[in-house]
Amino acid sequence: MVTKKYTLAQEVLKKINYILPIAIFALSLWVLDRQLHSLQLNEILDRFSDISLSSVLIASVFTFLSYIALISYDFLAMRYIGQSVSYKEILRSSFTSTSISYSIGFNPLTGGSLRYRLYSAYGLTVLQIGKIITFCSITFWLGICFVGGSLLSFYPIDLPGSLSFYEILLKALGVCLLLVLAVYLFLCLQHKTFRVKGDEVQFPDIRTALVQILISSLDSVFAGSALYFLLFSNGEVSFPYLIAMFLVAQIIAYMTTIPGGLGGFEAIMLFALAPLLALENIIVGLVMFRIVYYLTPFLVGLVILSYSEFNARKEILINLHKRTYLTFSAFTPQVFAVLIFFAGILLLFSEALPAQIEGILLIADIVPLSLIESSSLLSSMIGVLLLILANGLWKRVDGAYLLSVVILFLGSIFSILKGLNYIESGILFAIFLLLLPQRKHFYRKSSLLNQSFSRDNIIAIAVVVLSFIWLGLFAHEHVEYSQELLWQFGTNMHVSRFLRSVVGISVVLAIFGIMRLLGGSSKDLRLPDEGEMDKTKEIIRTSTDTNGNLVLLEDKYVLFNEERTTFLMYGISGKSWVCMGDPIGNSKNVKELIWDFHEMANLHQGWTVFYEVSEKYIPYYLDIGLTLIKIGEEARVQLSEFSLEGSAGKDFRYSVKRMEKDGYHFEIMQPEDIPAHIEELKSISDAWLETKSTKEKSFSMGSFKTEYLTNFPLAIIKKGDQIAAFANIWVAANKEEMAIDLMRYDPAISNTAMEYLFTKLMLWGKENGFRCFSLGMSPLSGLENRTLAPLWNKIGSTIFTHGEYFYNFKGLRAYKEKFNPIWEPRYIALPKGIKQMFVLKDIALLISGGTKEIFMK
């Protein structure tokens, strides 16, 4: 009962999480509409031509100073945690994370994730990065508390008569801000500490706290100054008043999760400044502030981040000798997704604003009025379709590509037919020409209706549509609306066209929403049935990858491609959807299957993870936005080179002679003979588990199950008729590879038993024409512990060297090295940022079967 209530509460919170930002944005638009009802759109547009270059330059200078102050947060945070990172790297990381998070919104999440992504590459631990993120967030609010609290509490803010009611609320807010500041300073003076999961965190000393207040106060003043110099006729507004109102607007804006506080910030500023300044001046100042303070740094930060990510991907692929993939084409789908979304905004906003009457009159002499009106309606419907298709392009769906090409071409034609809008038509046609030759990058044969839409996708589309409706209503503010307007046609009937466009996009969104609801997810979550297991066995028999045999444990979900020639197996732990190994089957279908799995995880709000994968499909894992962590190396012995002859085979000859001298011999037990010996095999397995003080693992390795073992032949060591050790044998198609999974032996026999079994099995494989033998993975081997190595590599290398208590990492590597294998790296492909530590925990739980078992050998 408690679980059901908890699940219901989660669902309610999830829906609120989607609806609240959209509702806040809609409310902000309503407030803006009330404030601007007396204005004409052309009055605002005319004011843009009056803005002086000097005002923009001064605002740009203050924006630059504000971002310098923001970057100083990170420098001070590094000093606070006692770490030394180069100024260049701090500058790049701080500016990138700040400029992008300010515009995207969700500042603690986006800014924190970006800082984690960037700083972890410099060897900082999770705790250290967490301290930096917290320190920077607190520093930002300290400036607002000091400057805002001081102005609101002590400066005589004389609100206009219409706003005098709010003076007491502002005073109370000022006192609260100063109280928060006083509490923080008191805790710093007392050198207070608190514990986070066993780690002690101390408040900074009072000197550091004062520097925090200084630089964050400068940031607040500089940001407000940028707006002050962009407002026309600002002589009527005192500088302290504007700064105070600016900080109040920022507080409210940052409490929402709307990108940059869009709408909410403008509504508060209009509310505070409307009695003192001309409305059109305020609007122009706010729009220019958005461009100068948010948009320009965001674009610069995006370029820096894209360059960094491209270099990181480039380095990975160069190391893997996949230079053919090293072009900007890897980012082609994302670039065109952004362009398509922009094209949708362009078409919608064009329909919201009055068209140029001269163009309509000219085109009306050439084409019938019905075609003009139809083109206008279809343009708006195409606009909202492009907003939806952008998501499909981002995910490389071929259907999204084909529809986008057709719609862009039609949109460019409709832009001409609806009123000779040649600039709009030219932009759409240019995007069409750029997209046309990019067919190869959109390879996924997937239904558009089954594509997941993230919270950000939905909010972005909702914000654009609401803005379109508000802009249209505002542009036609003084028109008296009636039902008859929908059916009025004419060259100058701009309002009627806008209303029909609202109906048109509402129909498109409603149809798309209903089809998604009726379609649902084509993939259900259930363990494979008998028919599906038979299909996996059929695919495994033709595969050169022996790891596909893990599906026969029947403890994992299975996802097939549409033709059922390829599958992947996965488990779910926490929010992590973990695919075990690379997809198995026809390599031509792997790209689409990887994307299908990614979509499926997204539909269930999960994180996509690929565990213990090879280099083979790494570009595809990068395509879906994952990053790579090396977790070890797999040892593969070339059987043609394996021999007992010479000095290299001396140890193996000794093991064979010793075991055979003691009366042991090697044989292969066929699958049909296993049931007759299952009790004997189980007693050996139980004794082995007891000796090792461990329990059966799962997911990434076999466990003792009769149904599992009877799928394979067993390599057996016997003494007389008594079985002493066994291992199940995996074989790949065309005798490409053989491997063993479950290895158990009687603790009473010699410790050379497994070496004897390996040696005899490899000789058997060589005699039977197998190409190579897999000794399995050596966890954490091959990781570099250099100064500039990634954080995970340093941790993994340290555990490999000094972690004998938990697992004999070095011993296992040294043992396998005796067989002179070729070492091949293995990776986890997982999401970027702070999610990684949760993913690694989820994988550990999935493999071990519980929290307690993680720490058992």
# chains A, B, ... in the order shown; residues from 1 in each chain; ligands from 1
$ residues_around --residues "region 179-195 of chain A" --least-positions-apart "4" --cutoff "7 Å" --atoms "only C-alpha atoms" --output "compact mmCIF listing (two decimals) with all heavy atoms, in the first residue's frame"
# COMPACT_ATOMS: atom_id res chain seq x y z
N LEU A 142 24.63 34.93 -2.33
CA LEU A 142 25.13 35.87 -1.31
C LEU A 142 25.11 37.30 -1.84
O LEU A 142 24.76 38.24 -1.10
CB LEU A 142 26.56 35.50 -0.90
CG LEU A 142 26.72 34.24 -0.04
CD1 LEU A 142 28.19 33.96 0.22
CD2 LEU A 142 25.96 34.38 1.27
N CYS A 145 21.59 38.47 -1.77
CA CYS A 145 21.19 38.73 -0.37
C CYS A 145 21.75 40.06 0.12
O CYS A 145 21.03 40.84 0.78
CB CYS A 145 21.68 37.59 0.53
SG CYS A 145 20.76 36.05 0.36
N PHE A 146 23.02 40.33 -0.20
CA PHE A 146 23.64 41.56 0.31
C PHE A 146 23.11 42.79 -0.41
O PHE A 146 22.60 43.73 0.23
CB PHE A 146 25.16 41.48 0.17
CG PHE A 146 25.86 42.73 0.63
CD1 PHE A 146 25.92 43.05 1.98
CD2 PHE A 146 26.44 43.60 -0.29
CE1 PHE A 146 26.55 44.21 2.41
CE2 PHE A 146 27.07 44.76 0.12
CZ PHE A 146 27.13 45.07 1.47
N VAL A 175 14.56 42.10 4.49
CA VAL A 175 14.97 41.64 5.83
C VAL A 175 15.30 40.15 5.79
O VAL A 175 16.30 39.70 6.38
CB VAL A 175 13.85 41.93 6.84
CG1 VAL A 175 14.15 41.26 8.18
CG2 VAL A 175 13.67 43.43 7.04
N ASP A 199 31.50 12.14 4.70
CA ASP A 199 32.57 13.09 4.41
C ASP A 199 32.27 14.42 5.10
O ASP A 199 31.15 14.94 5.04
CB ASP A 199 32.69 13.31 2.90
CG ASP A 199 33.16 12.07 2.18
OD1 ASP A 199 34.26 11.60 2.51
OD2 ASP A 199 32.42 11.57 1.32
N GLU A 200 33.29 14.99 5.72
CA GLU A 200 33.12 16.23 6.46
C GLU A 200 33.32 17.43 5.55
O GLU A 200 34.29 17.51 4.80
CB GLU A 200 34.14 16.28 7.61
CG GLU A 200 33.87 17.39 8.61
CD GLU A 200 34.78 17.31 9.82
OE1 GLU A 200 35.87 17.91 9.74
OE2 GLU A 200 34.43 16.64 10.81
N VAL A 201 32.37 18.35 5.58
CA VAL A 201 32.44 19.57 4.78
C VAL A 201 32.38 20.76 5.73
O VAL A 201 31.49 20.84 6.58
CB VAL A 201 31.27 19.65 3.76
CG1 VAL A 201 31.37 20.93 2.95
CG2 VAL A 201 31.28 18.43 2.86
N GLN A 202 33.32 21.68 5.57
CA GLN A 202 33.40 22.83 6.48
C GLN A 202 33.01 24.12 5.76
O GLN A 202 33.31 24.30 4.58
CB GLN A 202 34.82 22.97 7.03
CG GLN A 202 34.95 24.05 8.10
CD GLN A 202 36.35 24.05 8.71
OE1 GLN A 202 37.32 23.76 8.04
NE2 GLN A 202 36.44 24.38 9.98
N PHE A 203 32.32 24.99 6.47
CA PHE A 203 32.02 26.31 5.92
C PHE A 203 33.34 27.07 5.71
O PHE A 203 34.30 26.87 6.46
CB PHE A 203 31.13 27.09 6.89
CG PHE A 203 29.67 26.78 6.75
CD1 PHE A 203 29.11 25.69 7.39
CD2 PHE A 203 28.85 27.58 5.97
CE1 PHE A 203 27.76 25.39 7.26
CE2 PHE A 203 27.51 27.30 5.83
CZ PHE A 203 26.96 26.20 6.48
N PRO A 204 33.40 27.91 4.69
CA PRO A 204 34.65 28.66 4.46
C PRO A 204 34.93 29.61 5.61
O PRO A 204 34.03 29.96 6.39
CB PRO A 204 34.37 29.41 3.16
CG PRO A 204 32.90 29.45 3.01
CD PRO A 204 32.37 28.22 3.68
N ASP A 205 36.19 30.04 5.72
CA ASP A 205 36.54 31.01 6.76
C ASP A 205 35.90 32.36 6.42
O ASP A 205 35.46 32.60 5.30
CB ASP A 205 38.05 31.15 6.88
CG ASP A 205 38.69 31.56 5.56
OD1 ASP A 205 38.59 32.75 5.19
OD2 ASP A 205 39.27 30.68 4.88
N ILE A 206 35.88 33.26 7.41
CA ILE A 206 35.17 34.54 7.27
C ILE A 206 35.78 35.40 6.16
O ILE A 206 35.06 36.12 5.45
CB ILE A 206 35.16 35.30 8.62
CG1 ILE A 206 34.20 36.51 8.54
CG2 ILE A 206 36.57 35.72 9.01
CD1 ILE A 206 32.76 36.14 8.31
N ALA A 209 34.40 34.14 2.95
CA ALA A 209 32.98 34.51 2.87
C ALA A 209 32.82 35.96 2.44
O ALA A 209 31.94 36.29 1.63
CB ALA A 209 32.30 34.27 4.22
$ residues_around --residues "Ser703 (chain A)" --least-positions-apart "4" --cutoff "10 Å" --atoms "only C-alpha atoms" --output "MDAnalysis selection string"
chainID A and resid 550 553 685 695:699 708:709 741:743
$ select_by_dssp --residues "region 525-557 of chain A" --states "helix (DSSP H, G or I)" --output "list of chain:residue names"
A:Glu530, A:Gly531, A:Glu532, A:Met533, A:Asp534, A:Lys535, A:Thr536, A:Lys537, A:Glu538, A:Ile539, A:Ile540, A:Arg541, A:Thr546, A:Asn547, A:Gly548, A:Asn549, A:Leu550, A:Val551, A:Leu552, A:Leu553
$ write_last_selection --atoms "C-alpha atoms" --output "mmCIF file, in the first residue's frame"
data_model
loop_
_atom_site.group_PDB
_atom_site.id
_atom_site.type_symbol
_atom_site.label_atom_id
_atom_site.label_comp_id
_atom_site.auth_asym_id
_atom_site.auth_seq_id
_atom_site.Cartn_x
_atom_site.Cartn_y
_atom_site.Cartn_z
ATOM 1 C CA GLU A 530 9.972 -19.738 -25.360
ATOM 2 C CA GLY A 531 9.617 -18.601 -28.976
ATOM 3 C CA GLU A 532 11.844 -15.574 -28.396
ATOM 4 C CA MET A 533 14.462 -17.709 -26.656
ATOM 5 C CA ASP A 534 14.490 -20.061 -29.645
ATOM 6 C CA LYS A 535 15.064 -17.031 -31.876
ATOM 7 C CA THR A 536 17.996 -15.844 -29.749
ATOM 8 C CA LYS A 537 19.560 -19.327 -29.974
ATOM 9 C CA GLU A 538 19.213 -19.213 -33.737
ATOM 10 C CA ILE A 539 20.973 -15.812 -33.869
ATOM 11 C CA ILE A 540 23.711 -16.973 -31.460
ATOM 12 C CA ARG A 541 24.491 -19.966 -33.710
ATOM 13 C CA THR A 546 30.260 -15.832 -27.751
ATOM 14 C CA ASN A 547 28.940 -13.327 -25.159
ATOM 15 C CA GLY A 548 25.469 -13.721 -26.652
ATOM 16 C CA ASN A 549 25.187 -17.003 -24.724
ATOM 17 C CA LEU A 550 24.520 -14.996 -21.551
ATOM 18 C CA VAL A 551 20.953 -14.519 -22.757
ATOM 19 C CA LEU A 552 20.380 -18.212 -22.006
ATOM 20 C CA LEU A 553 20.474 -17.421 -18.281
#
$ residues_around --residues "Leu242 (chain A)" --least-positions-apart "2" --cutoff "9 Å" --atoms "only C-alpha atoms" --output "number ranges by chain"
A: 224-225, 227-228, 237-240, 244-247, 269, 272-273
$ closest_atom_pairs --of "region 671-752 of chain A" --to "region 763-773 of chain A" --cutoff "7 Å" --atoms "only C-alpha atoms" --output "CSV"
residue,atom,partner,partner_atom,distance
A:Lys735,CA,A:Phe770,CA,4.7
A:Glu736,CA,A:Arg771,CA,5.2
A:Glu737,CA,A:Cys772,CA,4.9
A:Met738,CA,A:Phe773,CA,5.0
A:Ala739,CA,A:Phe773,CA,5.6
$ atom_distance --atom1 "CA of Trp730 (chain A)" --atom2 "CA of Lys616 (chain A)"
20.3 Å
$ closest_residue --among "A:Ala172, A:Ser778, A:Ile51, A:Lys588" --to "Glu280 (chain A)" --atoms "only C-alpha atoms"
A:Ile51
$ closest_residue --among "A:Ala364, A:Val221, A:Val248, A:Ile282" --to "Gly174 (chain A)" --atoms "only C-alpha atoms"
A:Val248
$ decode --residues "region 615-640 of chain A" --atoms "N, CA and C atoms" --output "mmCIF file, in the first residue's frame"
data_model
loop_
_atom_site.group_PDB
_atom_site.id
_atom_site.type_symbol
_atom_site.label_atom_id
_atom_site.label_comp_id
_atom_site.auth_asym_id
_atom_site.auth_seq_id
_atom_site.Cartn_x
_atom_site.Cartn_y
_atom_site.Cartn_z
ATOM 1 N N GLU A 615 35.346 -2.263 -28.917
ATOM 2 C CA GLU A 615 35.548 -1.054 -29.723
ATOM 3 C C GLU A 615 34.675 -1.033 -30.975
ATOM 4 N N LYS A 616 34.060 -2.167 -31.287
ATOM 5 C CA LYS A 616 33.406 -2.359 -32.578
ATOM 6 C C LYS A 616 32.338 -1.319 -32.889
ATOM 7 N N TYR A 617 31.494 -1.007 -31.902
ATOM 8 C CA TYR A 617 30.358 -0.122 -32.157
ATOM 9 C C TYR A 617 30.455 1.195 -31.391
ATOM 10 N N ILE A 618 31.638 1.572 -30.991
ATOM 11 C CA ILE A 618 31.804 2.788 -30.192
ATOM 12 C C ILE A 618 31.237 4.034 -30.869
ATOM 13 N N PRO A 619 31.430 4.241 -32.192
ATOM 14 C CA PRO A 619 30.830 5.438 -32.810
ATOM 15 C C PRO A 619 29.319 5.529 -32.618
ATOM 16 N N TYR A 620 28.649 4.377 -32.589
ATOM 17 C CA TYR A 620 27.196 4.387 -32.411
ATOM 18 C C TYR A 620 26.804 4.776 -30.979
ATOM 19 N N TYR A 621 27.605 4.354 -30.014
ATOM 20 C CA TYR A 621 27.339 4.744 -28.628
ATOM 21 C C TYR A 621 27.562 6.251 -28.448
ATOM 22 N N LEU A 622 28.560 6.780 -29.132
ATOM 23 C CA LEU A 622 28.796 8.228 -29.092
ATOM 24 C C LEU A 622 27.647 8.977 -29.752
ATOM 25 N N ASP A 623 27.074 8.387 -30.824
ATOM 26 C CA ASP A 623 25.971 9.032 -31.535
ATOM 27 C C ASP A 623 24.786 9.326 -30.627
ATOM 28 N N ILE A 624 24.506 8.433 -29.682
ATOM 29 C CA ILE A 624 23.339 8.640 -28.818
ATOM 30 C C ILE A 624 23.682 9.456 -27.578
ATOM 31 N N GLY A 625 24.873 10.050 -27.585
ATOM 32 C CA GLY A 625 25.230 10.994 -26.516
ATOM 33 C C GLY A 625 25.898 10.387 -25.308
ATOM 34 N N LEU A 626 26.354 9.130 -25.413
ATOM 35 C CA LEU A 626 27.028 8.510 -24.279
ATOM 36 C C LEU A 626 28.525 8.808 -24.316
ATOM 37 N N THR A 627 29.159 8.593 -23.201
ATOM 38 C CA THR A 627 30.617 8.703 -23.129
ATOM 39 C C THR A 627 31.167 7.362 -22.680
ATOM 40 N N LEU A 628 32.485 7.202 -22.722
ATOM 41 C CA LEU A 628 33.089 5.897 -22.474
ATOM 42 C C LEU A 628 33.989 5.901 -21.245
ATOM 43 N N ILE A 629 33.916 4.809 -20.497
ATOM 44 C CA ILE A 629 34.843 4.562 -19.395
ATOM 45 C C ILE A 629 35.449 3.183 -19.625
ATOM 46 N N LYS A 630 36.757 3.123 -19.633
ATOM 47 C CA LYS A 630 37.420 1.831 -19.789
ATOM 48 C C LYS A 630 37.352 1.068 -18.471
ATOM 49 N N ILE A 631 36.942 -0.203 -18.522
ATOM 50 C CA ILE A 631 36.781 -0.969 -17.282
ATOM 51 C C ILE A 631 37.721 -2.157 -17.207
ATOM 52 N N GLY A 632 38.501 -2.375 -18.246
ATOM 53 C CA GLY A 632 39.440 -3.488 -18.201
ATOM 54 C C GLY A 632 39.804 -3.955 -19.593
ATOM 55 N N GLU A 633 40.390 -5.161 -19.656
ATOM 56 C CA GLU A 633 40.808 -5.720 -20.930
ATOM 57 C C GLU A 633 40.484 -7.207 -20.972
ATOM 58 N N GLU A 634 40.082 -7.669 -22.142
ATOM 59 C CA GLU A 634 39.786 -9.091 -22.336
ATOM 60 C C GLU A 634 40.995 -9.776 -22.957
ATOM 61 N N ALA A 635 41.325 -10.959 -22.438
ATOM 62 C CA ALA A 635 42.473 -11.726 -22.935
ATOM 63 C C ALA A 635 41.998 -12.753 -23.956
ATOM 64 N N ARG A 636 42.578 -12.708 -25.165
ATOM 65 C CA ARG A 636 42.222 -13.647 -26.231
ATOM 66 C C ARG A 636 43.501 -14.323 -26.738
ATOM 67 N N VAL A 637 43.504 -15.637 -26.678
ATOM 68 C CA VAL A 637 44.678 -16.416 -27.080
ATOM 69 C C VAL A 637 44.487 -16.905 -28.520
ATOM 70 N N GLN A 638 45.471 -16.641 -29.372
ATOM 71 C CA GLN A 638 45.464 -17.173 -30.739
ATOM 72 C C GLN A 638 45.851 -18.652 -30.665
ATOM 73 N N LEU A 639 44.883 -19.538 -30.914
ATOM 74 C CA LEU A 639 45.116 -20.972 -30.705
ATOM 75 C C LEU A 639 46.153 -21.543 -31.662
ATOM 76 N N SER A 640 46.309 -20.941 -32.829
ATOM 77 C CA SER A 640 47.304 -21.451 -33.774
ATOM 78 C C SER A 640 48.720 -21.288 -33.228
#
